[in-house]
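upload-v4.txt, holding compact mmCIF, C-alpha atoms:
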```
# COMPACT_ATOMS: atom_id res chain seq x y z
CA MET W 1 14.03 6.67 5.83
CA ASN W 2 10.96 8.48 4.51
CA SER W 3 7.53 7.26 3.55
CA MET W 4 6.26 8.22 0.09
CA THR W 5 2.90 9.24 1.52
CA GLY W 6 2.52 12.61 3.20
CA TYR W 7 0.27 15.63 3.60
CA SER W 8 0.57 19.27 4.58
CA PHE W 9 -1.70 22.31 4.31
CA LYS W 10 -1.54 25.96 5.31
CA GLU W 11 -3.69 29.00 4.63
CA VAL W 12 -2.52 32.47 5.64
CA MET W 13 -3.15 36.12 4.89
CA VAL W 14 -0.08 38.02 3.68
CA ASP W 15 -0.80 41.73 3.39
CA SER W 16 -3.99 41.80 1.29
CA THR W 17 -3.42 38.35 -0.31
CA GLN W 18 -4.88 35.10 0.99
CA ILE W 19 -2.50 32.23 0.22
CA SER W 20 -3.55 28.57 0.39
CA ILE W 21 -0.97 25.79 -0.17
CA GLU W 22 -1.64 22.05 -0.03
CA ILE W 23 0.91 19.27 -0.67
CA LYS W 24 -0.03 15.58 -0.75
CA SER W 25 1.74 12.50 -2.07
CA VAL W 26 1.24 8.79 -2.74
CA ASN W 27 3.50 5.97 -3.94
CA SER W 28 5.26 6.07 -7.30
CA ARG W 29 8.32 4.41 -8.81
CA PHE W 30 9.78 7.81 -9.65
CA LEU W 31 9.30 11.48 -8.72
CA ASP W 32 6.09 12.67 -10.38
CA LEU W 33 5.35 16.33 -9.58
CA SER W 34 2.01 17.93 -10.39
CA ILE W 35 1.88 21.68 -9.69
CA ASN W 36 -1.50 23.40 -9.88
CA LEU W 37 -1.29 27.19 -10.03
CA PRO W 38 -3.53 30.05 -11.13
CA PRO W 39 -2.60 30.82 -14.76
CA PHE W 40 -1.05 34.19 -13.89
CA LEU W 41 1.42 32.41 -11.57
CA ASN W 42 2.70 29.91 -14.17
CA PRO W 43 6.06 31.76 -14.39
CA LEU W 44 6.73 30.54 -10.83
CA GLU W 45 6.38 26.82 -11.63
CA ALA W 46 10.10 26.24 -12.28
CA ARG W 47 11.04 27.70 -8.90
CA ILE W 48 8.49 25.54 -7.11
CA ARG W 49 9.80 22.43 -8.89
CA LYS W 50 13.34 23.30 -7.84
CA LEU W 51 12.35 23.61 -4.18
CA ALA W 52 10.42 20.33 -4.36
CA CYS W 53 13.26 18.38 -5.99
CA GLU W 54 15.66 19.50 -3.25
CA LYS W 55 13.54 17.77 -0.60
CA ILE W 56 11.64 14.95 -2.35
CA VAL W 57 13.19 11.97 -4.17
CA ARG W 58 10.24 9.68 -5.03
CA GLY W 59 6.47 9.73 -5.02
CA LYS W 60 3.53 11.19 -6.90
CA VAL W 61 3.31 14.64 -5.36
CA ASP W 62 0.54 17.18 -5.92
CA PHE W 63 1.06 20.88 -5.17
CA ASN W 64 -2.10 22.98 -5.04
CA ILE W 65 -1.45 26.70 -4.66
CA ARG W 66 -4.24 29.25 -4.58
CA VAL W 67 -4.14 33.03 -4.05
CA HIS W 68 -6.95 35.53 -3.55
CA ASP W 69 -6.52 39.28 -3.35
CA THR W 70 -8.92 41.06 -1.00
CA GLU W 71 -8.11 44.33 -2.77
CA SER W 72 -9.06 44.42 -6.43
CA THR W 73 -6.31 44.52 -9.03
CA ALA W 74 -8.78 45.22 -11.83
CA THR W 75 -8.55 48.12 -14.28
CA VAL W 76 -11.80 48.93 -16.12
CA THR W 77 -11.90 50.78 -19.47
CA ILE W 78 -14.83 51.54 -21.75
CA ASP W 79 -15.23 51.93 -25.49
CA PRO W 80 -18.05 54.47 -26.12
CA LYS W 81 -17.73 54.11 -29.88
CA ALA W 82 -18.40 50.38 -29.65
CA ALA W 83 -21.43 51.08 -27.41
CA VAL W 84 -22.88 53.50 -29.98
CA GLU W 85 -22.32 51.00 -32.77
CA TYR W 86 -24.11 48.26 -30.84
CA ALA W 87 -27.02 50.57 -29.89
CA THR W 88 -27.43 51.70 -33.52
CA ALA W 89 -27.37 48.12 -34.75
CA PHE W 90 -29.97 47.01 -32.19
CA PHE W 91 -32.27 49.93 -33.12
CA LYS W 92 -32.03 49.12 -36.83
CA ILE W 93 -32.91 45.52 -36.12
CA SER W 94 -35.94 46.53 -34.06
CA LYS W 95 -37.24 48.72 -36.90
CA GLN W 96 -37.12 45.73 -39.22
CA LEU W 97 -39.47 43.83 -36.93
CA PRO W 98 -43.01 45.18 -37.66
CA ASN W 99 -44.64 43.31 -34.80
CA PHE W 100 -42.63 45.26 -32.19
CA ASN W 101 -44.34 48.34 -30.66
CA HIS W 102 -42.58 51.53 -29.63
CA LEU W 103 -41.76 50.28 -26.16
CA ASP W 104 -40.18 47.15 -27.56
CA ARG W 105 -37.76 49.31 -29.51
CA THR W 106 -36.27 50.85 -26.35
CA ILE W 107 -32.82 49.31 -26.08
CA PRO W 108 -31.86 48.54 -22.41
CA LEU W 109 -28.46 49.77 -21.28
CA SER W 110 -27.68 46.39 -19.72
CA LEU W 111 -27.87 44.80 -23.16
CA ILE W 112 -25.40 47.26 -24.64
CA VAL W 113 -22.80 47.13 -21.86
CA SER W 114 -22.87 43.30 -21.87
CA GLN W 115 -21.52 43.19 -25.43
CA ASP W 116 -17.93 42.24 -26.11
CA GLY W 117 -15.55 45.19 -26.15
CA VAL W 118 -17.88 47.78 -24.59
CA ILE W 119 -16.44 47.31 -21.08
CA ASN W 120 -12.94 45.84 -20.74
CA VAL W 121 -11.50 44.55 -17.48
CA THR W 122 -7.78 43.86 -17.09
CA HIS W 123 -5.81 42.69 -14.07
CA SER W 124 -2.27 43.64 -13.22
CA TYR W 125 -0.32 40.69 -11.83
CA ASP W 126 3.30 40.92 -10.71
CA ALA W 127 4.65 37.37 -10.43
CA GLU W 128 7.74 38.51 -8.51
CA ALA W 129 5.62 40.32 -5.93
CA TYR W 130 3.49 37.22 -5.46
CA TRP W 131 6.59 35.03 -5.15
CA LYS W 132 7.86 37.10 -2.22
CA LYS W 133 4.58 36.35 -0.45
CA ILE W 134 4.33 32.70 -1.47
CA GLU W 135 7.93 31.49 -0.94
CA PRO W 136 8.04 31.68 2.89
CA VAL W 137 4.67 29.91 3.16
CA LEU W 138 5.74 27.27 0.63
CA ASN W 139 8.96 26.56 2.55
CA GLU W 140 7.00 26.14 5.77
CA VAL W 141 4.48 23.78 4.16
CA LEU W 142 7.31 21.78 2.55
CA GLU W 143 9.05 21.37 5.91
CA THR W 144 5.83 20.13 7.50
CA PHE W 145 5.28 17.78 4.54
CA VAL W 146 8.80 16.32 4.82
CA ALA W 147 8.40 15.92 8.60
CA ASP W 148 5.15 14.01 8.02
CA ARG W 149 6.90 11.64 5.61
CA GLU W 150 9.80 11.21 8.07
CA ARG W 151 7.38 10.35 10.90
CA GLU W 152 5.66 7.71 8.80
CA GLY W 153 9.07 6.53 7.54
CA ALA W 154 10.19 5.88 11.13
CA ASN W 155 7.19 3.60 11.63
CA LEU W 156 7.96 1.78 8.38
CA LYS W 157 11.59 1.32 9.40
CA LYS W 158 10.57 -0.21 12.73
CA ASP W 159 8.21 -2.64 10.98
CA LEU W 160 10.80 -3.58 8.35
CA LEU W 161 13.43 -4.35 10.99
CA GLU W 162 10.95 -6.52 12.92
CA LYS W 163 10.16 -8.53 9.77
CA LEU W 164 13.88 -8.75 8.97
CA SER W 165 14.57 -10.20 12.43
CA ILE W 166 12.09 -12.98 11.65
CA LEU W 167 13.97 -13.70 8.43
CA ASP W 168 17.24 -13.85 10.37
CA GLU W 169 15.67 -16.44 12.67
CA CYS W 170 14.52 -18.45 9.66
CA ALA W 171 18.00 -18.39 8.13
CA ASP W 172 19.52 -19.58 11.42
CA PHE W 173 16.92 -22.36 11.56
CA PHE W 174 17.83 -23.50 8.04
CA ALA W 175 21.50 -23.54 8.98
CA GLU W 176 20.70 -25.58 12.11
CA TRP W 177 18.71 -28.14 10.13
CA GLN W 178 21.12 -28.41 7.23
CA PRO W 179 23.13 -31.34 8.79
CA ARG W 180 19.87 -33.19 9.49
CA MET W 181 18.79 -32.76 5.86
CA GLU W 182 22.13 -34.11 4.64
CA GLU W 183 21.93 -37.04 7.07
CA LYS W 184 18.44 -37.76 5.77
CA PHE W 185 19.78 -37.93 2.20
CA LYS W 186 22.50 -40.35 3.28
CA GLU W 187 20.02 -42.61 5.06
CA THR W 188 17.64 -42.59 2.11
CA ILE W 189 20.35 -43.50 -0.44
CA THR W 190 21.84 -46.19 1.78
CA SER W 191 18.43 -47.67 2.37
CA LYS W 192 17.65 -47.77 -1.37
CA PHE W 193 20.95 -49.50 -2.22
CA LYS W 194 20.53 -52.13 0.48
CA GLU W 195 16.92 -52.69 -0.51
CA LEU W 196 18.00 -53.39 -4.10
CA LEU W 197 21.32 -55.15 -3.56
CA GLY W 198 21.05 -56.53 -0.03
CA ASP W 199 24.37 -57.60 1.44
CA HIS W 200 26.09 -57.08 -1.94
CA ALA W 201 25.80 -53.28 -1.72
CA ASP W 202 29.14 -51.59 -2.39
CA GLU W 203 29.93 -49.08 0.38
CA ASN W 204 32.17 -47.06 -1.95
CA ARG W 205 29.37 -46.82 -4.51
CA ILE W 206 26.99 -45.71 -1.79
CA MET W 207 29.40 -42.99 -0.69
CA GLN W 208 29.85 -41.79 -4.28
CA GLU W 209 26.10 -41.61 -4.88
CA THR W 210 25.61 -39.88 -1.55
CA ALA W 211 28.22 -37.26 -2.41
CA ALA W 212 26.59 -36.66 -5.80
CA MET W 213 23.16 -36.24 -4.22
CA LEU W 214 24.50 -33.88 -1.56
CA VAL W 215 26.03 -31.66 -4.23
CA LYS W 216 22.60 -31.47 -5.86
CA TYR W 217 20.42 -31.14 -2.77
CA THR W 218 22.50 -29.43 -0.08
CA ILE W 219 21.22 -25.99 0.97
CA ASN W 220 24.52 -24.65 2.27
CA GLU W 221 25.06 -22.23 -0.63
CA GLU W 222 21.48 -21.02 -0.45
CA ILE W 223 21.84 -20.31 3.28
CA ILE W 224 25.07 -18.38 2.74
CA ARG W 225 23.52 -16.26 -0.03
CA LEU W 226 20.32 -15.73 1.96
CA LYS W 227 22.25 -14.46 4.97
CA SER W 228 24.25 -12.19 2.69
CA HIS W 229 21.04 -10.73 1.23
CA LEU W 230 19.58 -10.21 4.70
CA ALA W 231 22.74 -8.40 5.83
CA ALA W 232 22.55 -6.16 2.75
CA MET W 233 18.88 -5.50 3.46
CA ARG W 234 19.63 -4.48 7.05
CA SER W 235 22.39 -2.16 5.86
CA GLU W 236 20.02 -0.49 3.39
CA ILE W 237 17.31 -0.03 6.00
CA THR W 238 19.75 1.30 8.59
CA ASN W 239 22.10 3.43 6.53
CA ASN W 240 20.43 4.39 3.25
CA PRO W 241 17.97 7.32 3.55
CA ILE W 242 16.27 6.28 0.28
CA PRO W 243 16.43 2.45 0.21
CA GLY W 244 13.12 1.74 -1.56
CA LYS W 245 14.38 0.56 -4.96
CA ARG W 246 17.32 -1.36 -3.50
CA LEU W 247 15.09 -3.16 -1.02
CA ASP W 248 12.81 -4.37 -3.78
CA PHE W 249 15.76 -5.83 -5.70
CA ILE W 250 17.26 -7.53 -2.62
CA CYS W 251 13.87 -9.03 -1.76
CA GLN W 252 13.72 -10.65 -5.19
CA GLU W 253 17.14 -12.24 -4.66
CA ALA W 254 16.29 -13.45 -1.15
CA ASN W 255 13.02 -14.92 -2.38
CA ARG W 256 14.92 -16.98 -4.96
CA GLU W 257 17.07 -18.57 -2.23
CA ILE W 258 14.09 -19.32 0.02
CA ASN W 259 12.24 -20.97 -2.88
CA THR W 260 15.26 -23.16 -3.62
CA ILE W 261 15.53 -24.23 0.02
CA GLY W 262 11.85 -25.13 -0.07
CA SER W 263 12.24 -27.21 -3.22
CA LYS W 264 15.08 -29.25 -1.65
CA ASN W 265 13.40 -29.75 1.70
CA GLN W 266 12.13 -33.10 3.04
CA PHE W 267 11.19 -32.06 6.59
CA THR W 268 7.85 -30.70 7.78
CA GLU W 269 9.58 -28.40 10.25
CA VAL W 270 11.74 -26.83 7.52
CA GLY W 271 8.71 -26.50 5.24
CA ALA W 272 6.84 -24.57 7.94
CA MET W 273 9.83 -22.26 8.37
CA VAL W 274 10.02 -21.70 4.60
CA ILE W 275 6.39 -20.53 4.67
CA LYS W 276 7.15 -18.23 7.59
CA ALA W 277 10.17 -16.78 5.77
CA LYS W 278 8.19 -16.19 2.57
CA ASP W 279 5.41 -14.47 4.52
CA SER W 280 7.85 -12.12 6.26
CA LEU W 281 9.67 -11.40 3.01
CA GLU W 282 6.40 -10.61 1.22
CA ASN W 283 5.52 -8.17 4.01
CA ILE W 284 8.89 -6.47 3.54
CA ARG W 285 8.33 -6.23 -0.23
CA GLU W 286 4.92 -4.64 0.29
CA GLN W 287 6.25 -2.15 2.84
CA ALA W 288 9.23 -1.33 0.62
CA LYS W 289 6.75 -0.01 -1.96
CA ASN W 290 5.86 2.73 0.53
CA VAL W 291 9.48 3.73 1.17
CA GLU W 292 11.13 6.61 -0.67
```
How does this structure look as structure tokens?
Amino acid sequence: MNSMTGYSFKEVMVDSTQISIEIKSVNSRFLDLSINLPPFLNPLEARIRKLACEKIVRGKVDFNIRVHDTESTATVTIDPKAAVEYATAFFKISKQLPNFNHLDRTIPLSLIVSQDGVINVTHSYDAEAYWKKIEPVLNEVLETFVADREREGANLKKDLLEKLSILDECADFFAEWQPRMEEKFKETITSKFKELLGDHADENRIMQETAAMLVKYTINEEIIRLKSHLAAMRSEITNNPIPGKRLDFICQEANREINTIGSKNQFTEVGAMVIKAKDSLENIREQAKNVE
């Protein structure tokens, strides 16, 4: 079992390239990958997604990858013709301004070289060469990231099983009190008949009414279904490496049974146990949102 939250970071120098990789994730219903790369590394995005999908099933995951070359990859070229054209244009403009003196008409070199097209800088980027440097670091950071989610997932699993044990105790309590609840129904119905009819109460009629009420108010079926849901929940937590979505569904079903037991209850003790069961189940539902 893995948590959907995790973090990993590594910064290393490979040859003359500084590589910085950060991976962090939070909860999400599905796998939502966000990969932030320098524009010249965009051709590598598909490979990074493939590696991520092999190790991550759910969560909103952000990849931040940065590279910095300590040795320049720039190639500088100049266009002398463009420089002459700019200088000529600036000089013509200055002559059209009568308030400028001779010194004002001296065109600074910095102005000319700052114009578009006079000096051109291009960088040579080889995506394949960068990938050979990035891939080993990325694999290492991914392994650390997965290990972090597994560590947190182990803590979540322990907590879920503790809350599930409480629910098992509640289900056993309901089963123990079921005969008392049925006996209470019988006493109530018998008392009502005798109160209305006195000694003329028909025992057969009382038995028929009691049977009808028990069919309506017994919690036997709810207990059986609740225990079945709890067993399924334990199996998911124990055996399924990615139980998050299934746990949420099972919790909904178990909650329905607990609510029904509560609506049929007439005992303070059972009511207190219903509240305890609902509290534990709600804790499981909240924790399940953090599980992959």
Original post:
Using only C-alpha atoms, which residues sit within 8 Å of Leu142 of chain W once same-chain residues fewer than 2 positions away are excluded, as number ranges by chain?
Top reply: W: 8, 23, 52, 138-140, 144-146
Subject >> Neighbour list for Asp248 of chain W as a VMD selection string, cut-off 9 Å, only C-alpha atoms, skip fewer than 2 positions in-chain >> reply: chain W and resid 243 to 246 250 to 252 284 to 286 288 to 289
Subject >> Distance query segment 75-88 of chain W at most 9 Å, only C-alpha atoms, self and fewer than 6 positions along chain excluded, as an MDAnalysis selection string >> reply: chainID W and resid 107 109 111:113 115:124
Original post:
What is the distance between atom CA of Glu269 of chain W and atom CA of Leu161 of chain W, in Å to one decimal?
Top reply: 24.4 Å
Original post:
Around (1.3, 23.7, -4.9) in the file's frame, which residues reach within 10 Å when counting only C-alpha atoms? Return as a list in words?
Top reply: Phe9, Ser20, Ile21, Glu22, Ile23, Lys24, Leu33, Ser34, Ile35, Asn36, Leu37, Glu45, Ile48, Arg49, Ala52, Val61, Asp62, Phe63, Asn64, Ile65, Arg66, Leu138, Val141 and Leu142 of chain W
Residues from last step as file, C-alpha atoms, as an mmCIF file, keeping the file's coordinate frame:
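For reference, selection-v2.cif as written:
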```cif
data_model
loop_
_atom_site.group_PDB
_atom_site.id
_atom_site.type_symbol
_atom_site.label_atom_id
_atom_site.label_comp_id
_atom_site.auth_asym_id
_atom_site.auth_seq_id
_atom_site.Cartn_x
_atom_site.Cartn_y
_atom_site.Cartn_z
ATOM 1 C CA PHE W 9 -1.700 22.310 4.310
ATOM 2 C CA SER W 20 -3.550 28.570 0.390
ATOM 3 C CA ILE W 21 -0.970 25.790 -0.170
ATOM 4 C CA GLU W 22 -1.640 22.050 -0.030
ATOM 5 C CA ILE W 23 0.910 19.270 -0.670
ATOM 6 C CA LYS W 24 -0.030 15.580 -0.750
ATOM 7 C CA LEU W 33 5.350 16.330 -9.580
ATOM 8 C CA SER W 34 2.010 17.930 -10.390
ATOM 9 C CA ILE W 35 1.880 21.680 -9.690
ATOM 10 C CA ASN W 36 -1.500 23.400 -9.880
ATOM 11 C CA LEU W 37 -1.290 27.190 -10.030
ATOM 12 C CA GLU W 45 6.380 26.820 -11.630
ATOM 13 C CA ILE W 48 8.490 25.540 -7.110
ATOM 14 C CA ARG W 49 9.800 22.430 -8.890
ATOM 15 C CA ALA W 52 10.420 20.330 -4.360
ATOM 16 C CA VAL W 61 3.310 14.640 -5.360
ATOM 17 C CA ASP W 62 0.540 17.180 -5.920
ATOM 18 C CA PHE W 63 1.060 20.880 -5.170
ATOM 19 C CA ASN W 64 -2.100 22.980 -5.040
ATOM 20 C CA ILE W 65 -1.450 26.700 -4.660
ATOM 21 C CA ARG W 66 -4.240 29.250 -4.580
ATOM 22 C CA LEU W 138 5.740 27.270 0.630
ATOM 23 C CA VAL W 141 4.480 23.780 4.160
ATOM 24 C CA LEU W 142 7.310 21.780 2.550
#
```
**OP:** Could you tell me which of W:Ile134, W:Trp177, W:Ala254, W:Lys55 comes closest to Thr268 of chain W if we count all atoms listed in the file?
**Re:**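 Of W:Ile134, W:Trp177, W:Ala254, W:Lys55, the one nearest Thr268 of chain W is W:Trp177, counting all atoms listed in the file.
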**OP:** Identify, on the basis of all atoms listed in the file, every residue whose closest approach to Ala147 of chain W does not exceed 9 Å; exclude the query and any residue fewer than 5 positions from it along the same chain; express the result as a ChimeraX atom specification.
**Re:** /W:2,6,142,152
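Distance-wise, atom CA of Ala272 of chain W and atom CA of Glu169 of chain W end up 12.9 Å apart.
Each of W:Asp69, W:Asp168, W:Asp279, W:Glu182 was compared to Lys227 of chain W using all atoms listed in the file, and W:Asp168 turns out to be the nearest.
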Original post:
To one decimal place, how far is atom CA of Ser28 of chain W from atom CA of Glu162 of chain W in Å?
Top reply: 24.5 Å
**OP:** Find the residue from W:Met273, W:Val57, W:Met233, W:Ala89 that sits nearest to Phe174 of chain W; use all atoms listed in the file when measuring.
**Re:**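 Looking at the shortest contact to Phe174 of chain W, the residue is W:Met273.
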Original post:
Which residues come within 7 Å of Leu31 of chain W, counting only C-alpha atoms, excluding same-chain residues fewer than 5 positions away, as a PyMOL selection string?
Top reply: chain W and resi 57-60
Original post:
Of the candidates W:Val67, W:Ile166, W:Leu281, W:Leu97, which one gets nearest to Phe249 of chain W if we count only C-alpha atoms?
Top reply: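 Between W:Val67, W:Ile166, W:Leu281, W:Leu97, the residue approaching Phe249 of chain W most closely is W:Leu281.
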**OP:** Considering only C-alpha atoms, state which residue in the set W:Lys92, W:Thr218, W:Ala127, W:Asp148 is at the smallest distance from Phe185 of chain W.
**Re:** W:Thr218
